[in-house]
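The file run-v8.cif comes next; it holds mmCIF, C-alpha atoms.
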```cif
data_target
loop_
_atom_site.label_atom_id
_atom_site.label_comp_id
_atom_site.auth_asym_id
_atom_site.auth_seq_id
_atom_site.Cartn_x
_atom_site.Cartn_y
_atom_site.Cartn_z
CA MET A 1 43.18 -18.68 0.42
CA LYS A 2 40.79 -21.47 1.36
CA ARG A 3 38.82 -24.28 -0.21
CA VAL A 4 35.06 -23.88 -0.29
CA GLY A 5 32.85 -26.85 -1.07
CA LYS A 6 34.38 -29.70 -3.01
CA GLN A 7 36.30 -28.12 -5.87
CA THR A 8 36.58 -24.34 -5.42
CA TRP A 9 39.45 -22.19 -4.17
CA VAL A 10 38.57 -18.75 -2.77
CA PHE A 11 41.25 -16.04 -2.66
CA ASP A 12 40.21 -13.92 0.32
CA ASP A 13 43.47 -12.03 0.78
CA GLY A 14 43.39 -10.34 -2.60
CA VAL A 15 44.96 -11.70 -5.77
CA TYR A 16 45.03 -9.38 -8.77
CA ILE A 17 45.77 -9.48 -12.49
CA GLN A 18 48.18 -6.58 -12.76
CA ALA A 19 48.48 -6.65 -16.55
CA ALA A 20 47.43 -8.77 -19.52
CA ALA A 21 48.19 -8.89 -23.24
CA ALA A 22 47.15 -10.77 -26.36
CA ALA A 23 48.82 -11.36 -29.73
CA VAL A 24 46.87 -12.84 -32.65
CA GLY A 25 47.05 -13.96 -36.25
CA PRO A 26 45.35 -12.52 -39.35
CA LEU A 27 41.90 -14.10 -39.12
CA GLU A 28 41.56 -13.14 -35.46
CA ALA A 29 42.73 -9.61 -36.20
CA ASP A 30 40.02 -9.28 -38.85
CA GLY A 31 37.33 -10.54 -36.46
CA PRO A 32 34.95 -8.45 -34.35
CA LEU A 33 37.43 -8.20 -31.45
CA GLY A 34 40.47 -7.21 -33.52
CA SER A 35 40.76 -3.75 -31.95
CA TYR A 36 41.18 -5.25 -28.46
CA PHE A 37 44.39 -7.18 -29.21
CA ASP A 38 47.83 -5.75 -28.54
CA VAL A 39 49.70 -7.35 -31.44
CA CYS A 40 48.11 -8.33 -34.76
CA HIS A 41 49.87 -10.19 -37.57
CA ARG A 42 48.76 -10.24 -41.19
CA ASP A 43 49.97 -13.71 -42.11
CA LEU A 44 50.20 -17.08 -40.35
CA TYR A 45 54.01 -17.06 -40.44
CA CYS A 46 54.16 -13.88 -38.33
CA GLY A 47 57.42 -12.95 -40.02
CA GLU A 48 59.07 -16.29 -39.22
CA ALA A 49 60.27 -19.18 -41.37
CA THR A 50 57.91 -21.84 -39.97
CA TRP A 51 54.54 -22.05 -38.22
CA GLU A 52 56.14 -23.39 -35.05
CA LEU A 53 58.44 -20.40 -34.88
CA ALA A 54 55.43 -18.17 -35.52
CA GLU A 55 53.61 -19.60 -32.50
CA ARG A 56 56.73 -19.10 -30.39
CA ARG A 57 56.88 -15.48 -31.49
CA LEU A 58 53.22 -14.95 -30.58
CA MET A 59 53.75 -16.17 -27.02
CA ARG A 60 56.92 -14.13 -26.59
CA GLU A 61 55.17 -11.01 -27.86
CA ALA A 62 52.26 -11.54 -25.46
CA VAL A 63 54.67 -12.03 -22.54
CA ASP A 64 56.79 -9.00 -23.40
CA CYS A 65 53.77 -6.77 -23.90
CA CYS A 66 52.25 -7.93 -20.60
CA LEU A 67 55.42 -7.17 -18.65
CA GLN A 68 55.75 -3.81 -20.37
CA LYS A 69 52.20 -2.87 -19.39
CA ALA A 70 52.90 -3.85 -15.78
CA GLY A 71 56.13 -1.87 -15.73
CA VAL A 72 58.20 -4.79 -14.43
CA SER A 73 61.14 -6.71 -15.81
CA ALA A 74 61.34 -10.46 -16.24
CA GLU A 75 63.82 -10.62 -13.35
CA GLU A 76 61.12 -9.30 -11.02
CA VAL A 77 58.76 -12.19 -11.78
CA ASP A 78 59.02 -15.19 -9.45
CA LEU A 79 57.32 -17.87 -11.52
CA PHE A 80 56.39 -18.52 -15.14
CA LEU A 81 53.51 -20.94 -15.82
CA ALA A 82 52.74 -21.77 -19.44
CA GLY A 83 51.45 -24.45 -21.78
CA ASP A 84 50.42 -24.94 -25.40
CA LEU A 85 49.16 -27.63 -27.79
CA LEU A 86 52.40 -28.85 -29.33
CA ASN A 87 54.00 -32.10 -28.21
CA GLN A 88 55.92 -31.70 -24.95
CA ASN A 89 54.72 -28.08 -24.74
CA ALA A 90 57.48 -27.13 -27.15
CA THR A 91 56.42 -23.51 -27.58
CA SER A 92 56.28 -22.82 -23.85
CA ASN A 93 59.63 -24.46 -23.17
CA TYR A 94 61.40 -22.51 -25.89
CA VAL A 95 59.92 -19.24 -24.65
CA ALA A 96 60.86 -20.11 -21.07
CA ARG A 97 64.42 -20.74 -22.23
CA GLU A 98 64.64 -17.06 -23.15
CA LEU A 99 63.27 -15.81 -19.81
CA PRO A 100 65.23 -15.63 -16.53
CA ILE A 101 62.21 -16.94 -14.59
CA PRO A 102 61.65 -20.29 -12.83
CA PHE A 103 59.31 -22.29 -15.06
CA LEU A 104 56.43 -24.69 -14.45
CA CYS A 105 55.01 -26.29 -17.58
CA LEU A 106 51.28 -27.08 -17.56
CA PHE A 107 49.05 -28.81 -20.07
CA GLY A 108 45.26 -28.81 -20.11
CA ALA A 109 44.71 -28.69 -23.86
CA CYS A 110 42.30 -25.85 -24.59
CA SER A 111 41.73 -25.30 -20.84
CA THR A 112 45.37 -24.28 -20.33
CA SER A 113 44.55 -20.56 -20.20
CA MET A 114 42.47 -20.81 -17.03
CA GLN A 115 44.57 -23.66 -15.65
CA THR A 116 47.70 -21.52 -15.66
CA LEU A 117 45.80 -18.52 -14.29
CA ALA A 118 44.29 -20.54 -11.43
CA ALA A 119 47.68 -22.05 -10.56
CA ALA A 120 49.36 -18.64 -10.67
CA ALA A 121 46.70 -17.19 -8.36
CA ALA A 122 47.13 -20.10 -5.95
CA PHE A 123 50.91 -19.64 -5.80
CA VAL A 124 50.53 -15.92 -5.12
CA ALA A 125 47.76 -16.40 -2.54
CA GLY A 126 49.82 -19.07 -0.77
CA GLY A 127 52.81 -16.75 -0.45
CA LEU A 128 55.01 -18.83 -2.72
CA ALA A 129 55.35 -16.05 -5.28
CA ASP A 130 54.91 -12.29 -5.26
CA ARG A 131 54.39 -12.22 -9.00
CA ALA A 132 53.51 -15.10 -11.30
CA LEU A 133 53.20 -14.93 -15.07
CA ALA A 134 50.62 -17.16 -16.81
CA ALA A 135 50.69 -17.69 -20.59
CA THR A 136 49.41 -19.98 -23.32
CA SER A 137 49.29 -20.15 -27.11
CA SER A 138 48.01 -22.06 -30.13
CA HIS A 139 48.42 -21.84 -33.89
CA ASN A 140 45.94 -23.08 -36.45
CA ALA A 141 48.50 -24.64 -38.78
CA THR A 142 50.60 -26.34 -36.09
CA ALA A 143 47.61 -27.73 -34.18
CA GLU A 144 45.75 -29.00 -37.25
CA ARG A 145 48.87 -30.79 -38.47
CA GLN A 146 49.43 -32.48 -35.12
CA PHE A 147 45.90 -33.39 -34.06
CA ARG A 148 43.87 -33.68 -37.25
CA TYR A 149 45.13 -33.30 -40.82
CA PRO A 150 47.69 -30.89 -42.31
CA THR A 151 45.89 -27.90 -43.75
CA GLU A 152 47.70 -28.27 -47.08
CA LEU A 153 46.19 -31.76 -47.48
CA GLY A 154 42.78 -30.16 -48.04
CA VAL A 155 40.73 -32.74 -46.13
CA GLN A 156 37.05 -31.78 -46.02
CA LYS A 157 35.52 -31.18 -42.59
CA PRO A 158 31.97 -31.33 -41.24
CA LYS A 159 30.17 -28.30 -39.86
CA THR A 160 30.81 -29.57 -36.31
CA ALA A 161 34.55 -28.94 -36.70
CA THR A 162 36.16 -26.00 -34.94
CA PHE A 163 38.94 -23.70 -36.12
CA THR A 164 42.06 -23.47 -33.97
CA VAL A 165 42.76 -19.87 -33.00
CA THR A 166 46.18 -18.46 -33.89
CA GLY A 167 47.32 -16.35 -30.97
CA ALA A 168 48.76 -16.14 -27.46
CA GLY A 169 47.75 -14.54 -24.20
CA ALA A 170 49.63 -13.66 -21.02
CA ALA A 171 48.61 -12.32 -17.61
CA LEU A 172 50.72 -11.14 -14.67
CA VAL A 173 49.26 -12.11 -11.29
CA GLY A 174 50.36 -10.52 -8.02
CA ARG A 175 49.35 -9.20 -4.61
CA ALA A 176 49.62 -5.54 -5.50
CA PRO A 177 46.12 -4.16 -6.20
CA GLY A 178 45.28 -3.99 -9.86
CA ARG A 179 42.27 -3.34 -12.05
CA TRP A 180 41.08 -6.96 -11.97
CA ARG A 181 40.72 -9.19 -8.93
CA VAL A 182 40.71 -12.98 -9.08
CA ARG A 183 38.16 -14.06 -6.46
CA ALA A 184 37.83 -17.82 -6.95
CA ALA A 185 38.79 -20.79 -9.11
CA THR A 186 36.82 -24.01 -9.54
CA ILE A 187 38.85 -27.04 -10.63
CA GLY A 188 36.89 -29.30 -12.96
CA LYS A 189 36.85 -33.07 -13.34
CA VAL A 190 37.35 -35.30 -16.36
CA VAL A 191 33.89 -36.04 -17.76
CA ASP A 192 33.73 -38.56 -20.60
CA ALA A 193 30.44 -38.91 -22.48
CA GLY A 194 31.91 -41.41 -24.92
CA LEU A 195 32.11 -39.05 -27.90
CA LYS A 196 35.03 -39.95 -30.14
CA ASN A 197 34.87 -37.60 -33.11
CA PRO A 198 37.95 -35.34 -33.23
CA LEU A 199 36.01 -33.05 -35.56
CA ASP A 200 33.30 -32.41 -32.97
CA MET A 201 35.13 -31.21 -29.87
CA GLY A 202 32.31 -28.90 -28.81
CA ALA A 203 29.97 -31.80 -28.08
CA ALA A 204 32.76 -33.76 -26.38
CA MET A 205 33.68 -30.93 -23.97
CA ALA A 206 30.20 -29.60 -23.19
CA PRO A 207 29.40 -32.13 -20.40
CA ALA A 208 32.62 -31.22 -18.54
CA ALA A 209 31.87 -27.51 -18.88
CA ALA A 210 28.33 -27.96 -17.54
CA ASP A 211 29.58 -30.08 -14.65
CA THR A 212 32.20 -27.48 -13.65
CA ILE A 213 29.74 -24.58 -13.86
CA GLU A 214 27.18 -26.44 -11.79
CA GLN A 215 29.79 -27.36 -9.18
CA HIS A 216 30.91 -23.72 -9.01
CA PHE A 217 27.35 -22.61 -8.31
CA ARG A 218 26.93 -25.23 -5.57
CA ASP A 219 30.28 -24.60 -3.89
CA LEU A 220 29.84 -20.83 -3.64
CA GLY A 221 26.08 -20.75 -3.27
CA VAL A 222 25.69 -18.47 -6.28
CA SER A 223 23.43 -18.48 -9.33
CA PRO A 224 23.77 -17.35 -12.97
CA GLY A 225 22.27 -14.00 -12.01
CA ASP A 226 25.30 -13.23 -9.83
CA TYR A 227 27.44 -12.83 -12.96
CA ASP A 228 27.21 -10.32 -15.77
CA LEU A 229 28.71 -12.84 -18.17
CA ILE A 230 29.57 -16.55 -18.09
CA VAL A 231 31.77 -17.64 -20.99
CA THR A 232 33.08 -21.03 -21.99
CA GLY A 233 36.37 -21.37 -23.81
CA ASP A 234 35.69 -23.05 -27.15
CA LEU A 235 32.51 -25.12 -27.19
CA SER A 236 31.47 -23.40 -30.42
CA ARG A 237 27.97 -23.37 -31.85
CA VAL A 238 27.56 -27.09 -31.19
CA GLY A 239 28.75 -27.38 -27.59
CA SER A 240 27.28 -24.08 -26.41
CA VAL A 241 23.78 -25.33 -27.19
CA ILE A 242 24.45 -28.55 -25.31
CA VAL A 243 25.87 -26.85 -22.21
CA ARG A 244 22.87 -24.53 -21.94
CA GLU A 245 20.48 -27.47 -22.11
CA LEU A 246 22.46 -29.54 -19.60
CA LEU A 247 22.48 -26.64 -17.13
CA ALA A 248 18.78 -26.02 -17.69
CA GLU A 249 18.07 -29.66 -16.80
CA SER A 250 19.91 -29.03 -13.50
CA GLY A 251 17.80 -25.95 -12.79
CA TYR A 252 20.22 -23.23 -13.98
CA ASP A 253 19.06 -20.92 -16.75
CA VAL A 254 22.12 -19.20 -18.20
CA THR A 255 20.51 -18.00 -21.41
CA ASP A 256 20.74 -14.29 -20.64
CA VAL A 257 24.33 -14.30 -19.36
CA TYR A 258 26.07 -17.00 -21.41
CA ASN A 259 28.41 -16.83 -24.39
CA ASP A 260 31.33 -18.78 -25.83
CA CYS A 261 34.75 -17.41 -26.75
CA GLY A 262 34.80 -19.56 -29.88
CA MET A 263 31.75 -17.71 -31.20
CA MET A 264 32.87 -14.28 -30.01
CA ILE A 265 36.25 -14.16 -31.70
CA TYR A 266 35.05 -14.63 -35.29
CA ARG A 267 32.30 -13.06 -37.38
CA PRO A 268 29.49 -15.30 -38.63
CA ASP A 269 30.65 -14.83 -42.23
CA GLN A 270 34.22 -15.97 -41.52
CA LYS A 271 34.84 -19.53 -42.68
CA VAL A 272 35.60 -21.17 -39.34
CA PHE A 273 33.03 -24.00 -39.31
CA ALA A 274 31.35 -24.10 -35.87
CA GLY A 275 33.65 -21.50 -34.29
CA GLY A 276 37.05 -21.03 -32.69
CA SER A 277 39.00 -23.42 -30.47
CA GLY A 278 42.48 -23.94 -29.07
CA CYS A 279 44.42 -22.69 -26.06
CA ALA A 280 44.53 -19.16 -27.44
CA CYS A 281 40.78 -18.96 -27.97
CA SER A 282 39.79 -18.27 -24.36
CA ALA A 283 43.16 -16.62 -23.64
CA VAL A 284 43.00 -13.83 -26.21
CA VAL A 285 39.28 -13.20 -25.70
CA THR A 286 39.75 -12.99 -21.92
CA TYR A 287 43.05 -11.09 -21.79
CA GLY A 288 42.11 -8.90 -24.72
CA TYR A 289 38.39 -8.18 -24.84
CA LEU A 290 36.85 -9.26 -21.53
CA LEU A 291 39.33 -7.64 -19.18
CA GLN A 292 39.21 -4.34 -21.06
CA GLU A 293 35.41 -4.29 -20.89
CA LEU A 294 35.60 -5.22 -17.21
CA ALA A 295 37.87 -2.21 -16.62
CA ARG A 296 35.47 0.04 -18.50
CA GLY A 297 32.57 -1.05 -16.34
CA THR A 298 30.66 -2.96 -19.03
CA PHE A 299 30.94 -6.02 -16.77
CA ARG A 300 31.43 -6.23 -13.04
CA ARG A 301 31.71 -9.98 -12.49
CA LEU A 302 32.89 -12.52 -15.03
CA PHE A 303 33.06 -16.30 -14.91
CA VAL A 304 35.39 -17.84 -17.53
CA VAL A 305 35.24 -21.62 -18.00
CA ALA A 306 37.89 -23.09 -20.31
CA THR A 307 37.68 -26.75 -21.29
CA GLY A 308 40.00 -29.15 -23.09
CA ALA A 309 39.81 -32.57 -24.73
CA LEU A 310 42.30 -35.43 -24.94
CA LEU A 311 43.37 -36.22 -28.49
CA SER A 312 45.86 -39.09 -28.26
CA GLN A 313 46.51 -41.06 -31.44
CA THR A 314 48.42 -43.75 -29.58
CA MET A 315 46.02 -44.45 -26.72
CA VAL A 316 42.88 -44.52 -28.83
CA GLN A 317 44.37 -46.81 -31.47
CA GLN A 318 45.38 -49.29 -28.79
CA ASN A 319 41.69 -49.69 -27.90
CA SER A 320 42.56 -51.25 -24.55
CA ARG A 321 39.99 -52.83 -22.25
CA SER A 322 40.64 -50.25 -19.53
CA GLN A 323 39.78 -47.42 -21.90
CA ARG A 324 36.58 -49.13 -23.02
CA SER A 325 35.49 -49.81 -19.45
CA LEU A 326 36.20 -46.21 -18.44
CA THR A 327 34.04 -44.91 -21.24
CA ALA A 328 31.29 -47.36 -20.37
CA SER A 329 31.29 -46.43 -16.68
CA SER A 330 31.42 -42.72 -17.43
CA SER A 331 28.53 -43.02 -19.86
CA LYS A 332 26.32 -44.19 -17.01
CA ARG A 333 26.39 -40.65 -15.64
CA LEU A 334 25.72 -39.04 -19.02
CA ASP A 335 23.25 -40.03 -21.67
CA ARG A 336 25.42 -40.01 -24.78
CA SER A 337 22.43 -40.42 -27.06
CA ARG A 338 20.95 -37.14 -25.81
CA ILE A 339 24.15 -35.29 -26.65
CA CYS A 340 24.28 -36.89 -30.09
CA ARG A 341 20.68 -35.93 -30.77
CA ARG A 342 21.42 -32.33 -29.85
CA ARG A 343 24.43 -32.33 -32.15
CA THR A 344 22.40 -33.88 -34.98
CA SER A 345 19.66 -31.31 -34.58
CA PHE A 346 22.24 -28.56 -34.86
CA ILE A 347 23.67 -29.88 -38.09
CA TRP A 348 20.22 -30.38 -39.57
CA GLU A 349 19.34 -26.79 -38.77
CA ARG A 350 22.64 -25.38 -40.05
CA SER A 351 22.57 -27.35 -43.30
CA GLY A 352 19.02 -26.35 -44.22
CA GLY A 353 17.78 -29.92 -44.05
CA ASN A 354 19.82 -31.12 -47.02
CA VAL A 355 22.14 -33.64 -45.38
CA ILE A 356 22.00 -34.84 -41.80
CA TRP A 357 25.30 -35.97 -40.30
CA ASN A 358 24.83 -39.48 -38.98
CA THR A 359 25.92 -39.68 -35.36
CA SER A 360 26.33 -43.44 -35.22
CA VAL A 361 29.48 -43.36 -37.34
CA PRO A 362 32.55 -43.26 -35.03
CA PHE A 363 35.78 -41.67 -36.15
CA SER A 364 39.37 -42.70 -35.75
CA PRO A 365 41.63 -40.77 -33.38
CA ALA A 366 42.65 -37.34 -34.53
CA GLY A 367 45.34 -37.18 -37.13
CA SER A 368 44.96 -40.76 -38.31
CA CYS A 369 45.68 -41.07 -42.01
CA ALA A 370 43.37 -44.08 -42.38
CA PRO A 371 40.04 -43.63 -40.60
CA SER A 372 38.20 -46.87 -39.98
CA PHE A 373 34.78 -48.14 -38.99
CA SER A 374 34.57 -50.33 -35.90
CA SER A 375 32.69 -53.61 -35.94
CA SER A 376 29.58 -51.93 -34.57
CA SER A 377 29.52 -49.12 -37.10
CA THR A 378 26.54 -48.43 -39.31
CA ALA A 379 26.48 -46.28 -42.39
CA ALA A 380 24.17 -43.31 -42.68
CA ASN A 381 21.69 -45.43 -44.66
CA GLY A 382 21.49 -47.95 -41.82
CA ARG A 383 23.46 -50.78 -43.48
CA ARG A 384 25.91 -52.49 -41.17
CA LEU A 385 29.47 -52.59 -42.38
CA ALA A 386 31.74 -55.59 -42.41
CA SER A 387 34.19 -55.91 -39.55
CA PRO A 388 36.80 -54.64 -39.76
CA VAL A 389 36.67 -52.23 -42.69
CA ARG A 390 39.67 -49.95 -43.09
CA LEU A 391 39.59 -47.38 -45.83
CA SER A 392 41.95 -44.77 -47.16
CA SER A 393 41.05 -41.16 -46.41
CA LEU A 394 39.72 -40.60 -49.94
CA ALA A 395 37.73 -43.83 -50.07
CA TYR A 396 36.35 -43.19 -46.61
CA SER A 397 35.20 -39.68 -47.54
CA LEU A 398 33.59 -40.84 -50.78
CA ALA A 399 31.84 -43.80 -49.17
CA LEU A 400 30.47 -41.78 -46.29
CA ALA A 401 29.41 -38.86 -48.50
CA ALA A 402 27.65 -41.16 -50.95
CA SER A 403 25.87 -42.97 -48.13
CA MET A 404 24.68 -39.72 -46.53
CA ILE A 405 23.48 -38.27 -49.83
CA HIS A 406 21.63 -41.45 -50.72
CA SER A 407 19.95 -41.49 -47.30
CA SER A 408 19.07 -37.78 -47.37
CA LEU A 409 17.36 -38.11 -50.77
CA GLY A 410 15.32 -41.07 -49.55
CA LEU A 411 16.45 -43.31 -52.39
CA ALA A 412 15.62 -46.97 -52.31
CA PRO A 413 18.50 -49.46 -52.71
CA GLY A 414 19.44 -49.87 -56.36
CA ARG A 415 17.78 -46.71 -57.62
CA ARG A 416 19.80 -44.47 -59.89
CA CYS A 417 20.27 -40.84 -58.98
CA ARG A 418 19.66 -38.23 -61.66
CA TYR A 419 22.43 -35.84 -62.62
CA ALA A 420 20.25 -33.03 -61.30
CA ASP A 421 20.16 -34.69 -57.87
CA LEU A 422 23.86 -35.21 -57.25
CA GLY A 423 25.77 -33.72 -60.13
CA ILE A 424 27.09 -37.20 -60.95
CA GLY A 425 25.65 -40.47 -62.23
CA TRP A 426 25.82 -42.97 -59.38
CA ARG A 427 24.27 -46.29 -58.48
CA LYS A 428 24.24 -47.84 -55.02
CA GLY A 429 26.43 -50.90 -54.82
CA PRO A 430 27.73 -53.23 -52.10
CA TRP A 431 30.22 -51.90 -49.56
#
```
Can the structure from this file be put into structure tokens for me?
Amino acid sequence: MKRVGKQTWVFDDGVYIQAAAAAVGPLEADGPLGSYFDVCHRDLYCGEATWELAERRLMREAVDCCLQKAGVSAEEVDLFLAGDLLNQNATSNYVARELPIPFLCLFGACSTSMQTLAAAAAFVAGGLADRALAATSSHNATAERQFRYPTELGVQKPKTATFTVTGAGAALVGRAPGRWRVRAATIGKVVDAGLKNPLDMGAAMAPAAADTIEQHFRDLGVSPGDYDLIVTGDLSRVGSVIVRELLAESGYDVTDVYNDCGMMIYRPDQKVFAGGSGCACSAVVTYGYLLQELARGTFRRLFVVATGALLSQTMVQQNSRSQRSLTASSSKRLDRSRICRRRTSFIWERSGGNVIWNTSVPFSPAGSCAPSFSSSSTAANGRRLASPVRLSSLAYSLALAASMIHSSLGLAPGRRCRYADLGIGWRKGPW
């Protein structure tokens, strides 16, 4: 094992994925890749009493199936590396409690799948473990409740939102030759473009994905043509467009070899907004579909890039000076307005030109029950709001929807809308 360039590890001595497995929920099982998964459940509870227990069962099933495929027992594994989306990595810790394996807990949000795999490969290549087990999981209901809004609350979401994948993936890494070889791992940096909307994670993560891919190309002296497929973890239909454009501006055309796991796991007619997300998104697509197709010869070289985003209610609500200065300094490297324009163009295209989502409206941290406008906020019709304005979730949704509809119809201030226009009688009034 050696470091090449600035951020890439190369495993010269041979590190192999000896077995891999994936367990998924009902929507994923009904998707286009359903036949590639080892365990498929038909309801979100997975036969358990709660969603948290269901996620724990998914990870345990993925781990057990992986070990069974490899023909080894848990006692023969030297290290277990896992992470998930719940606070304090609860799922991973409870699963580790049931396994007689030394445990290292990792968290990279939705990048945890490749983070654990890269760490496992490094431990094996460095001689610190003969076998290392990497695993991760996510659950739509548990993640939405923690980071955004509980699903039973019925909060409406924009088309930029992603749908957390319910599932878990596990891979056993070792020195013994297997069907899949891990050749290199590029460790990415934190890249902050100043995007704050928890319902638009694709746009927020795209700059980091593009930066990591570009660094990988530079470190190894390779190009997009050296890979049969380059996949990102969960940038969805919004972020995948942005990452292609950012790479094209750097001289890398990935159009013919690029895809995103969040778009691959669901059919276009499934109601998942802009696509899939979550730790399990890249994990189940990689350990289920991609590795099987690699073994069949459909692909020869794959490059999987998983990304994650920080969603901290506490830190964002504190609005400290250090956080503002970090965002400001980071934005010097990235033109936030260009990313917002790309995102806006996507929504305009997807919505048929009816309503354009205004990108100047910031959102509160994920999961906040009372979203608020900052002092610099402007409504979709361009009117500046008083500072500070704090609205309930319902009032916020109604005010923003009314403002967007009024702007999209090109109505002058004070004009009444016909019932045929909006379905309601409404007159613009002061905020």
Kindly resolve the PyMOL selection byres ((chain A and resi 5) around 9) on the present coordinates and return the residues as a short mmCIF file (atom, residue, chain, number, x, y, z; two decimals) with C-alpha atoms, in the coordinates of the input.
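The resulting file, part_34.cif, is shown below:
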```
data_model
loop_
_atom_site.label_atom_id
_atom_site.label_comp_id
_atom_site.auth_asym_id
_atom_site.auth_seq_id
_atom_site.Cartn_x
_atom_site.Cartn_y
_atom_site.Cartn_z
CA ARG A 3 38.82 -24.28 -0.21
CA VAL A 4 35.06 -23.88 -0.29
CA LYS A 6 34.38 -29.70 -3.01
CA GLN A 7 36.30 -28.12 -5.87
CA THR A 8 36.58 -24.34 -5.42
CA TRP A 9 39.45 -22.19 -4.17
CA GLN A 215 29.79 -27.36 -9.18
CA HIS A 216 30.91 -23.72 -9.01
CA ARG A 218 26.93 -25.23 -5.57
CA ASP A 219 30.28 -24.60 -3.89
CA LEU A 220 29.84 -20.83 -3.64
#
```
With the PyMOL selection byres ((chain A and resi 212) around 8) as the selection, what would be picked from this file? Answer as a ChimeraX atom specification, please.
/A:186-189,208-211,213-216,305
Could you list the residues chosen by the PyMOL selection byres ((chain A and resi 94) around 12) in this structure as a list in words?
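That selection, the PyMOL selection byres ((chain A and resi 94) around 12), comes back as Glu52, Leu53, Glu55, Arg56, Arg57, Met59, Arg60, Ala82, Gly83, Asp84, Leu86, Gln88, Asn89, Ala90, Thr91, Ser92, Asn93, Val95, Ala96, Arg97, Glu98, Leu99, Phe103 and Cys105 of chain A.
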Rounded to one decimal, what separation in Å do you get between atom CA of Val257 of chain A and atom CA of Ser111 of chain A?
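It comes out at 20.6 Å.
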Which of these, A:Lys157, A:Ala280, A:Tyr266, A:Ala309, has the shortest distance to Lys196 of chain A once you count only C-alpha atoms?
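Between A:Lys157, A:Ala280, A:Tyr266, A:Ala309, the residue approaching Lys196 of chain A most closely is A:Ala309.
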Between A:Val285, A:Leu199, A:Ala274, A:Val77, which one has atoms that come closest to Val173 of chain A, using only C-alpha atoms?
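Among A:Val285, A:Leu199, A:Ala274, A:Val77, it is A:Val77 that comes nearest to Val173 of chain A.
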